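Participant: Contents of query32.csv (CSV, C-alpha atoms) are given next:
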```csv
chain,number,residue,atom,x,y,z
A,1,MET,CA,126.3,-95.2,-12.5
A,2,SER,CA,128.3,-92.1,-11.5
A,3,ALA,CA,128.9,-89.8,-14.5
A,4,VAL,CA,131.5,-87.8,-12.6
A,5,ILE,CA,134.2,-88.9,-10.1
A,6,ASP,CA,137.3,-87.3,-8.6
A,7,LEU,CA,140.8,-88.7,-8.5
A,8,ASN,CA,143.0,-87.6,-5.6
A,9,SER,CA,146.4,-88.4,-4.4
A,10,ASP,CA,148.8,-87.6,-1.5
A,11,VAL,CA,151.6,-85.5,-2.9
A,12,GLY,CA,154.3,-83.0,-1.9
A,13,GLU,CA,155.7,-85.5,0.6
A,14,SER,CA,159.4,-85.3,-0.3
A,15,PHE,CA,161.6,-83.9,2.5
A,16,GLY,CA,165.2,-82.7,1.9
A,17,ASN,CA,167.2,-85.5,0.3
A,18,TRP,CA,164.3,-88.0,0.9
A,19,ARG,CA,162.5,-88.0,-2.4
A,20,MET,CA,159.0,-89.4,-3.0
A,21,PRO,CA,157.9,-90.5,-6.5
A,22,ASP,CA,154.8,-88.2,-6.5
A,23,GLU,CA,155.7,-85.3,-8.7
A,24,GLN,CA,154.1,-86.8,-11.8
A,25,MET,CA,150.9,-87.6,-10.0
A,26,VAL,CA,149.7,-84.0,-10.2
A,27,GLU,CA,149.5,-84.5,-14.0
A,28,VAL,CA,147.0,-87.4,-13.5
A,29,VAL,CA,144.7,-86.5,-10.7
A,30,SER,CA,142.0,-83.8,-10.3
A,31,SER,CA,142.7,-83.1,-6.6
A,32,ALA,CA,146.1,-83.0,-4.9
A,33,ASN,CA,146.4,-83.6,-1.2
A,34,ILE,CA,149.5,-81.6,-0.5
A,35,ALA,CA,151.5,-82.3,2.7
A,36,CYS,CA,151.8,-79.4,5.0
A,37,GLY,CA,155.2,-80.1,6.6
A,38,PHE,CA,154.2,-82.0,9.8
A,39,HIS,CA,154.1,-85.6,8.5
A,40,ALA,CA,156.1,-84.9,5.3
A,41,GLY,CA,157.1,-82.1,2.9
A,42,ASP,CA,159.6,-79.3,3.3
A,43,PRO,CA,158.7,-75.7,2.3
A,44,LEU,CA,160.5,-75.9,-1.1
A,45,THR,CA,158.7,-79.1,-2.0
A,46,ILE,CA,155.3,-77.9,-0.8
A,47,ARG,CA,155.7,-74.6,-2.8
A,48,SER,CA,156.7,-76.4,-6.0
A,49,THR,CA,153.9,-78.9,-5.7
A,50,ALA,CA,151.3,-76.2,-5.1
A,51,ALA,CA,152.6,-74.4,-8.2
A,52,LYS,CA,152.5,-77.5,-10.3
A,53,ALA,CA,148.9,-78.2,-9.2
A,54,ALA,CA,147.9,-74.6,-10.0
A,55,GLN,CA,149.5,-74.9,-13.4
A,56,ASN,CA,147.6,-78.1,-14.2
A,57,GLY,CA,144.3,-76.8,-12.9
A,58,VAL,CA,144.3,-79.3,-10.1
A,59,ALA,CA,142.4,-78.5,-6.9
A,60,ILE,CA,144.7,-78.1,-3.9
A,61,GLY,CA,143.8,-79.8,-0.6
A,62,ALA,CA,145.5,-79.4,2.7
A,63,HIS,CA,146.8,-82.8,3.8
A,64,VAL,CA,147.0,-82.1,7.5
A,65,GLY,CA,148.6,-84.7,9.9
A,66,TYR,CA,150.2,-85.4,13.2
A,67,ARG,CA,153.5,-83.7,14.0
A,68,ASP,CA,155.4,-86.9,13.2
A,69,LEU,CA,158.1,-86.6,10.5
A,70,PRO,CA,160.0,-89.7,11.6
A,71,GLY,CA,156.9,-91.9,11.5
A,72,PHE,CA,155.5,-90.3,8.3
A,73,GLY,CA,152.4,-89.4,10.3
A,74,ARG,CA,151.3,-93.0,10.6
A,75,ARG,CA,151.6,-93.3,14.4
A,76,PHE,CA,148.9,-92.3,16.8
A,77,ILE,CA,149.5,-89.4,19.1
A,78,ASP,CA,147.5,-88.8,22.2
A,79,TYR,CA,147.3,-85.1,21.7
A,80,ASP,CA,146.1,-82.4,24.0
A,81,LEU,CA,143.1,-81.2,22.0
A,82,LYS,CA,144.1,-77.6,22.1
A,83,GLU,CA,147.5,-78.5,20.7
A,84,LEU,CA,145.9,-80.7,18.0
A,85,SER,CA,143.7,-77.8,17.0
A,86,ALA,CA,146.6,-75.4,16.8
A,87,ASP,CA,148.7,-77.8,14.8
A,88,VAL,CA,145.9,-78.2,12.2
A,89,LEU,CA,145.4,-74.5,12.0
A,90,TYR,CA,149.1,-73.9,11.5
A,91,GLN,CA,149.2,-76.4,8.7
A,92,LEU,CA,146.2,-74.8,6.9
A,93,GLY,CA,147.8,-71.4,7.1
A,94,ALA,CA,151.2,-72.7,5.8
A,95,LEU,CA,149.7,-74.4,2.7
A,96,GLU,CA,147.3,-71.4,2.1
A,97,ALA,CA,150.3,-69.2,1.7
A,98,MET,CA,152.0,-71.5,-0.8
A,99,ALA,CA,148.8,-71.9,-2.8
A,100,ARG,CA,148.1,-68.2,-2.9
A,101,ALA,CA,151.7,-67.5,-4.1
A,102,ALA,CA,151.0,-70.0,-6.9
A,103,GLY,CA,147.8,-68.1,-7.8
A,104,SER,CA,145.5,-70.7,-6.3
A,105,ARG,CA,144.0,-71.5,-2.9
A,106,ILE,CA,143.1,-74.4,-0.6
A,107,SER,CA,139.9,-75.9,-1.9
A,108,TYR,CA,139.4,-78.7,0.7
A,109,VAL,CA,141.1,-80.6,3.6
A,110,LYS,CA,142.0,-84.2,4.0
A,111,PRO,CA,143.6,-85.5,7.2
A,112,HIS,CA,146.6,-87.8,6.7
A,113,GLY,CA,147.6,-91.3,8.0
A,114,ALA,CA,147.0,-92.0,11.6
A,115,LEU,CA,145.0,-88.8,12.1
A,116,TYR,CA,142.7,-89.8,9.3
A,117,ASN,CA,142.1,-93.3,10.7
A,118,THR,CA,141.9,-92.1,14.3
A,119,ILE,CA,139.1,-89.7,13.8
A,120,VAL,CA,137.0,-92.4,12.2
A,121,THR,CA,136.2,-93.5,15.8
A,122,HIS,CA,138.0,-91.0,18.2
A,123,GLN,CA,135.3,-88.5,18.8
A,124,ASP,CA,137.3,-85.9,20.7
A,125,GLN,CA,140.1,-85.7,18.1
A,126,ALA,CA,137.5,-85.7,15.3
A,127,LYS,CA,135.7,-82.7,16.9
A,128,ALA,CA,139.0,-80.9,17.4
A,129,VAL,CA,140.0,-81.3,13.7
A,130,ILE,CA,136.5,-80.6,12.2
A,131,ASP,CA,135.9,-77.6,14.5
A,132,THR,CA,139.3,-76.1,13.6
A,133,ILE,CA,138.6,-76.5,9.9
A,134,ALA,CA,135.2,-74.8,10.3
A,135,GLU,CA,136.8,-72.0,12.3
A,136,TYR,CA,139.3,-71.4,9.5
A,137,ASN,CA,136.9,-71.7,6.6
A,138,SER,CA,133.5,-73.3,6.9
A,139,GLU,CA,133.2,-73.5,3.1
A,140,LEU,CA,136.0,-76.0,2.8
A,141,PRO,CA,134.9,-79.6,2.1
A,142,VAL,CA,136.6,-82.3,4.1
A,143,LEU,CA,137.6,-85.6,2.5
A,144,LEU,CA,137.1,-88.6,4.8
A,145,LEU,CA,136.4,-92.3,5.1
A,146,PRO,CA,132.7,-93.2,4.7
A,147,GLY,CA,131.0,-94.5,7.8
A,148,GLY,CA,133.3,-92.8,10.2
A,149,TYR,CA,132.4,-90.4,13.1
A,150,ALA,CA,134.4,-87.5,11.6
A,151,LEU,CA,132.4,-87.6,8.4
A,152,ASP,CA,129.1,-87.6,10.2
A,153,TYR,CA,130.2,-84.8,12.6
A,154,ALA,CA,131.5,-82.6,9.8
A,155,ARG,CA,128.1,-82.8,8.1
A,156,GLU,CA,126.3,-82.1,11.4
A,157,GLN,CA,128.4,-78.9,11.7
A,158,GLY,CA,127.4,-77.8,8.3
A,159,LEU,CA,130.6,-78.7,6.4
A,160,ARG,CA,130.6,-80.6,3.2
A,161,GLY,CA,131.8,-84.0,4.1
A,162,VAL,CA,133.1,-85.9,1.0
A,163,ALA,CA,133.5,-89.7,1.2
A,164,GLU,CA,136.4,-91.4,-0.7
A,165,ALA,CA,137.6,-94.8,-1.6
A,166,PHE,CA,141.2,-96.1,-1.9
A,167,ALA,CA,142.2,-97.7,-5.1
A,168,ASP,CA,145.4,-99.2,-3.7
A,169,ARG,CA,144.2,-100.4,-0.3
A,170,ALA,CA,142.5,-103.5,0.9
A,171,TYR,CA,139.3,-103.2,3.0
A,172,ASN,CA,137.8,-105.1,5.9
A,173,PRO,CA,134.2,-106.3,5.7
A,174,ASP,CA,133.0,-103.4,7.9
A,175,GLY,CA,134.4,-100.8,5.4
A,176,SER,CA,137.5,-99.9,7.3
A,177,LEU,CA,140.9,-100.1,5.8
A,178,THR,CA,143.0,-103.1,6.4
A,179,SER,CA,146.0,-102.3,8.6
A,180,ARG,CA,149.2,-101.6,6.8
A,181,ARG,CA,150.8,-104.1,9.2
A,182,GLN,CA,148.9,-106.9,7.6
A,183,GLU,CA,150.2,-108.6,4.4
A,184,GLY,CA,148.2,-107.7,1.4
A,185,SER,CA,147.0,-104.4,2.8
A,186,VAL,CA,148.4,-102.4,-0.2
A,187,LEU,CA,147.3,-103.5,-3.6
A,188,HIS,CA,149.8,-103.6,-6.5
A,189,ASN,CA,147.9,-105.5,-9.2
A,190,VAL,CA,146.9,-102.8,-11.7
A,191,ASP,CA,144.2,-104.9,-13.4
A,192,GLN,CA,142.6,-105.7,-10.1
A,193,VAL,CA,142.7,-102.1,-9.0
A,194,VAL,CA,141.1,-100.9,-12.3
A,195,GLU,CA,138.4,-103.5,-12.0
A,196,ASN,CA,137.6,-102.5,-8.4
A,197,MET,CA,137.4,-98.8,-9.3
A,198,LEU,CA,135.2,-99.3,-12.3
A,199,ARG,CA,132.8,-101.3,-10.0
A,200,LEU,CA,132.9,-98.5,-7.5
A,201,ALA,CA,132.2,-95.8,-10.1
A,202,GLN,CA,129.5,-97.7,-11.8
A,203,ASP,CA,127.8,-99.7,-9.0
A,204,GLY,CA,128.9,-97.9,-5.8
A,205,VAL,CA,130.5,-101.2,-4.5
A,206,LEU,CA,133.8,-102.1,-3.0
A,207,ILE,CA,135.0,-105.7,-2.4
A,208,ALA,CA,136.5,-106.5,1.0
A,209,HIS,CA,139.5,-108.8,1.3
A,210,ASP,CA,137.2,-111.7,2.2
A,211,GLY,CA,134.9,-111.1,-0.7
A,212,THR,CA,132.2,-109.1,1.2
A,213,ARG,CA,130.4,-106.5,-1.0
A,214,ILE,CA,130.6,-103.0,0.6
A,215,GLU,CA,128.1,-100.4,-0.6
A,216,THR,CA,129.7,-96.9,-0.5
A,217,GLU,CA,128.9,-93.3,-1.3
A,218,ALA,CA,132.4,-92.4,-2.4
A,219,GLU,CA,132.7,-89.3,-4.6
A,220,SER,CA,136.5,-89.6,-4.9
A,221,ILE,CA,139.2,-92.2,-5.5
A,222,CYS,CA,142.6,-92.0,-3.8
A,223,THR,CA,145.8,-93.5,-5.1
A,224,HIS,CA,148.7,-93.0,-2.7
A,225,GLY,CA,151.7,-91.2,-4.2
A,226,ASP,CA,154.2,-93.3,-2.2
A,227,THR,CA,152.9,-96.7,-3.4
A,228,GLN,CA,155.3,-98.4,-5.9
A,229,GLY,CA,154.1,-97.8,-9.4
A,230,SER,CA,151.5,-95.3,-8.2
A,231,VAL,CA,151.6,-93.0,-11.2
A,232,GLU,CA,151.1,-95.9,-13.7
A,233,MET,CA,148.3,-97.2,-11.5
A,234,ALA,CA,146.6,-93.8,-11.4
A,235,ARG,CA,146.9,-93.4,-15.1
A,236,ALA,CA,145.4,-96.8,-15.8
A,237,VAL,CA,142.4,-96.0,-13.4
A,238,ARG,CA,141.9,-92.7,-15.1
A,239,GLU,CA,142.0,-94.1,-18.6
A,240,ALA,CA,139.6,-96.9,-17.7
A,241,LEU,CA,137.1,-94.5,-16.1
A,242,ILE,CA,137.2,-92.1,-19.1
A,243,ALA,CA,136.8,-95.1,-21.5
A,244,ALA,CA,133.7,-96.1,-19.5
A,245,GLY,CA,132.2,-92.6,-20.1
A,246,ILE,CA,132.9,-91.3,-16.6
A,247,GLU,CA,134.2,-87.7,-16.3
A,248,ILE,CA,137.2,-87.0,-14.0
A,249,ARG,CA,136.5,-83.8,-12.1
A,250,SER,CA,137.4,-82.5,-8.7
A,251,PHE,CA,134.6,-82.5,-6.1
A,252,ALA,CA,136.0,-79.1,-5.0
A,253,ALA,CA,136.0,-77.6,-8.5
```
Please express the file's structure as structure tokens.
Facilitator:
Amino acid sequence: MSAVIDLNSDVGESFGNWRMPDEQMVEVVSSANIACGFHAGDPLTIRSTAAKAAQNGVAIGAHVGYRDLPGFGRRFIDYDLKELSADVLYQLGALEAMARAAGSRISYVKPHGALYNTIVTHQDQAKAVIDTIAEYNSELPVLLLPGGYALDYAREQGLRGVAEAFADRAYNPDGSLTSRRQEGSVLHNVDQVVENMLRLAQDGVLIAHDGTRIETEAESICTHGDTQGSVEMARAVREALIAAGIEIRSFAA
């Protein structure tokens, strides 16, 4: 049984008049994956989210993604690798400025959306992302999907690779996430999610959509800020974990 686990969420993703219901999430989680302006988030939103995270003692993570505002960063881009590296570095610098202005700093990195899923298997893009993070600050942990190439490569390069599990997402039997294009890929039943996350924290096991048991090393649990009812779900997971004697603490603390 894990005595400590992290709760993270994707936040700061509002853009202009397009508002995401993620502002309250910073009061629930221990780590905040803050958008860096490429897949979502405008400067005002990013700055205010970083300030709120700092005020709540929440670790700030750079949620770097593809340059894809219209597609919310959920569409694959066949990047020139030098361009991908430069884009990642640009995003790290932008969020670092916002975090420092709030009296905090970037404590870790988590790729977003299509980039996150792509580097599970796409070795060239994975290397470009991980090498850029290492060049920027080799002390930054990287939050990634367990079993993927990017996680293994990060550890090979001497970075701290941190595995996570998704509270509100369905899994395939091989441990990959079910595509959002498939019905049932996003979970909304709070009781089911709480049961799943208690099992994860206590036994290190996730259940795939077909009932397959998946053993995992996850140190962190993610609840997406853009999922309907996400704040209530995150609160329920947090309360259940604490009631089970599990401390909520950022892996980057």
Participant: Closest to Asn137 of chain A among A:Leu177, A:Leu89, A:Ala32, A:Ala170, using only C-alpha atoms?
Facilitator: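 Between A:Leu177, A:Leu89, A:Ala32, A:Ala170, the residue approaching Asn137 of chain A most closely is A:Leu89.
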Participant: Determine the nearest neighbour of Ala154 of chain A from the options A:Lys127, A:His39, A:Ser179, A:Gly211, counting only C-alpha atoms.
Facilitator: A:Lys127
Participant: So what do you get for atom CA of Glu135 of chain A versus atom CA of Tyr90 of chain A, distance-wise?
Facilitator: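 Spanning atom CA of Glu135 of chain A to atom CA of Tyr90 of chain A is a straight-line distance of 12.5 Å.
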Participant: Would you mind listing what lies within 6 Å of Ala35 of chain A as a PyMOL selection string, with only C-alpha atoms counted and same-chain residues fewer than 3 positions away left out?
Facilitator: chain A and resi 12-13+40-41+63
Participant: Of the residues A:Leu115, A:Val28, A:Leu143, A:Ile46, which is the one nearest to Ala97 of chain A, using all atoms listed in the file?
Facilitator: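 So, comparing all the options, the nearest one is A:Ile46.
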Participant: List every residue of segment 41-124 of chain A that has an atom at most 10 Å from any atom of segment 231-252 of chain A, and for each one report the closest atom pair and its distance in Å to one decimal, counting all atoms listed in the file, with rows sorted by chain and then by increasing residue number, as CSV.
Facilitator:
```
residue,atom,partner,partner_atom,distance
A:Gly57,CA,A:Ser250,CA,9.9
A:Val58,CA,A:Ser250,CA,7.7
A:Ala59,CA,A:Ser250,CA,6.7
A:Ile60,CA,A:Ala252,CA,8.8
A:Gly61,CA,A:Ala252,CA,9.0
A:Ile106,CA,A:Ala252,CA,9.6
A:Ser107,CA,A:Ala252,CA,5.9
A:Tyr108,CA,A:Ala252,CA,6.6
```
Participant: Looking at A:Arg75, A:Lys110, A:Arg105, A:Arg169, which one is nearest to Ala62 of chain A, with distances taken over only C-alpha atoms?
Facilitator: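 Closest to Ala62 of chain A of all the choices is A:Lys110.
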Participant: Report, in Å with one decimal, the straight-line distance from atom CA of Val109 of chain A to atom CA of Val129 of chain A.
Facilitator: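 Interatomic distance here is 10.2 Å.
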Participant: I need the residue nearest Gly73 of chain A from this list: A:Gly37, A:Asp152, A:Met25, A:Ile5. Use all atoms listed in the file for the distance.
Facilitator: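 Looking at the shortest contact to Gly73 of chain A, the residue is A:Gly37.
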Participant: For Glu27 of chain A, which residue out of A:Arg155, A:Ser9, A:Arg181, A:Glu215 is the nearest one, using all atoms listed in the file?
Facilitator: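 Looking only at the distances to Glu27 of chain A, the closest residue turns out to be A:Ser9.
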Participant: To one decimal place, how far is atom CA of Asp226 of chain A from atom CA of Tyr66 of chain A in Å?
Facilitator: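 Computing it gives 17.8 Å between the two atoms.
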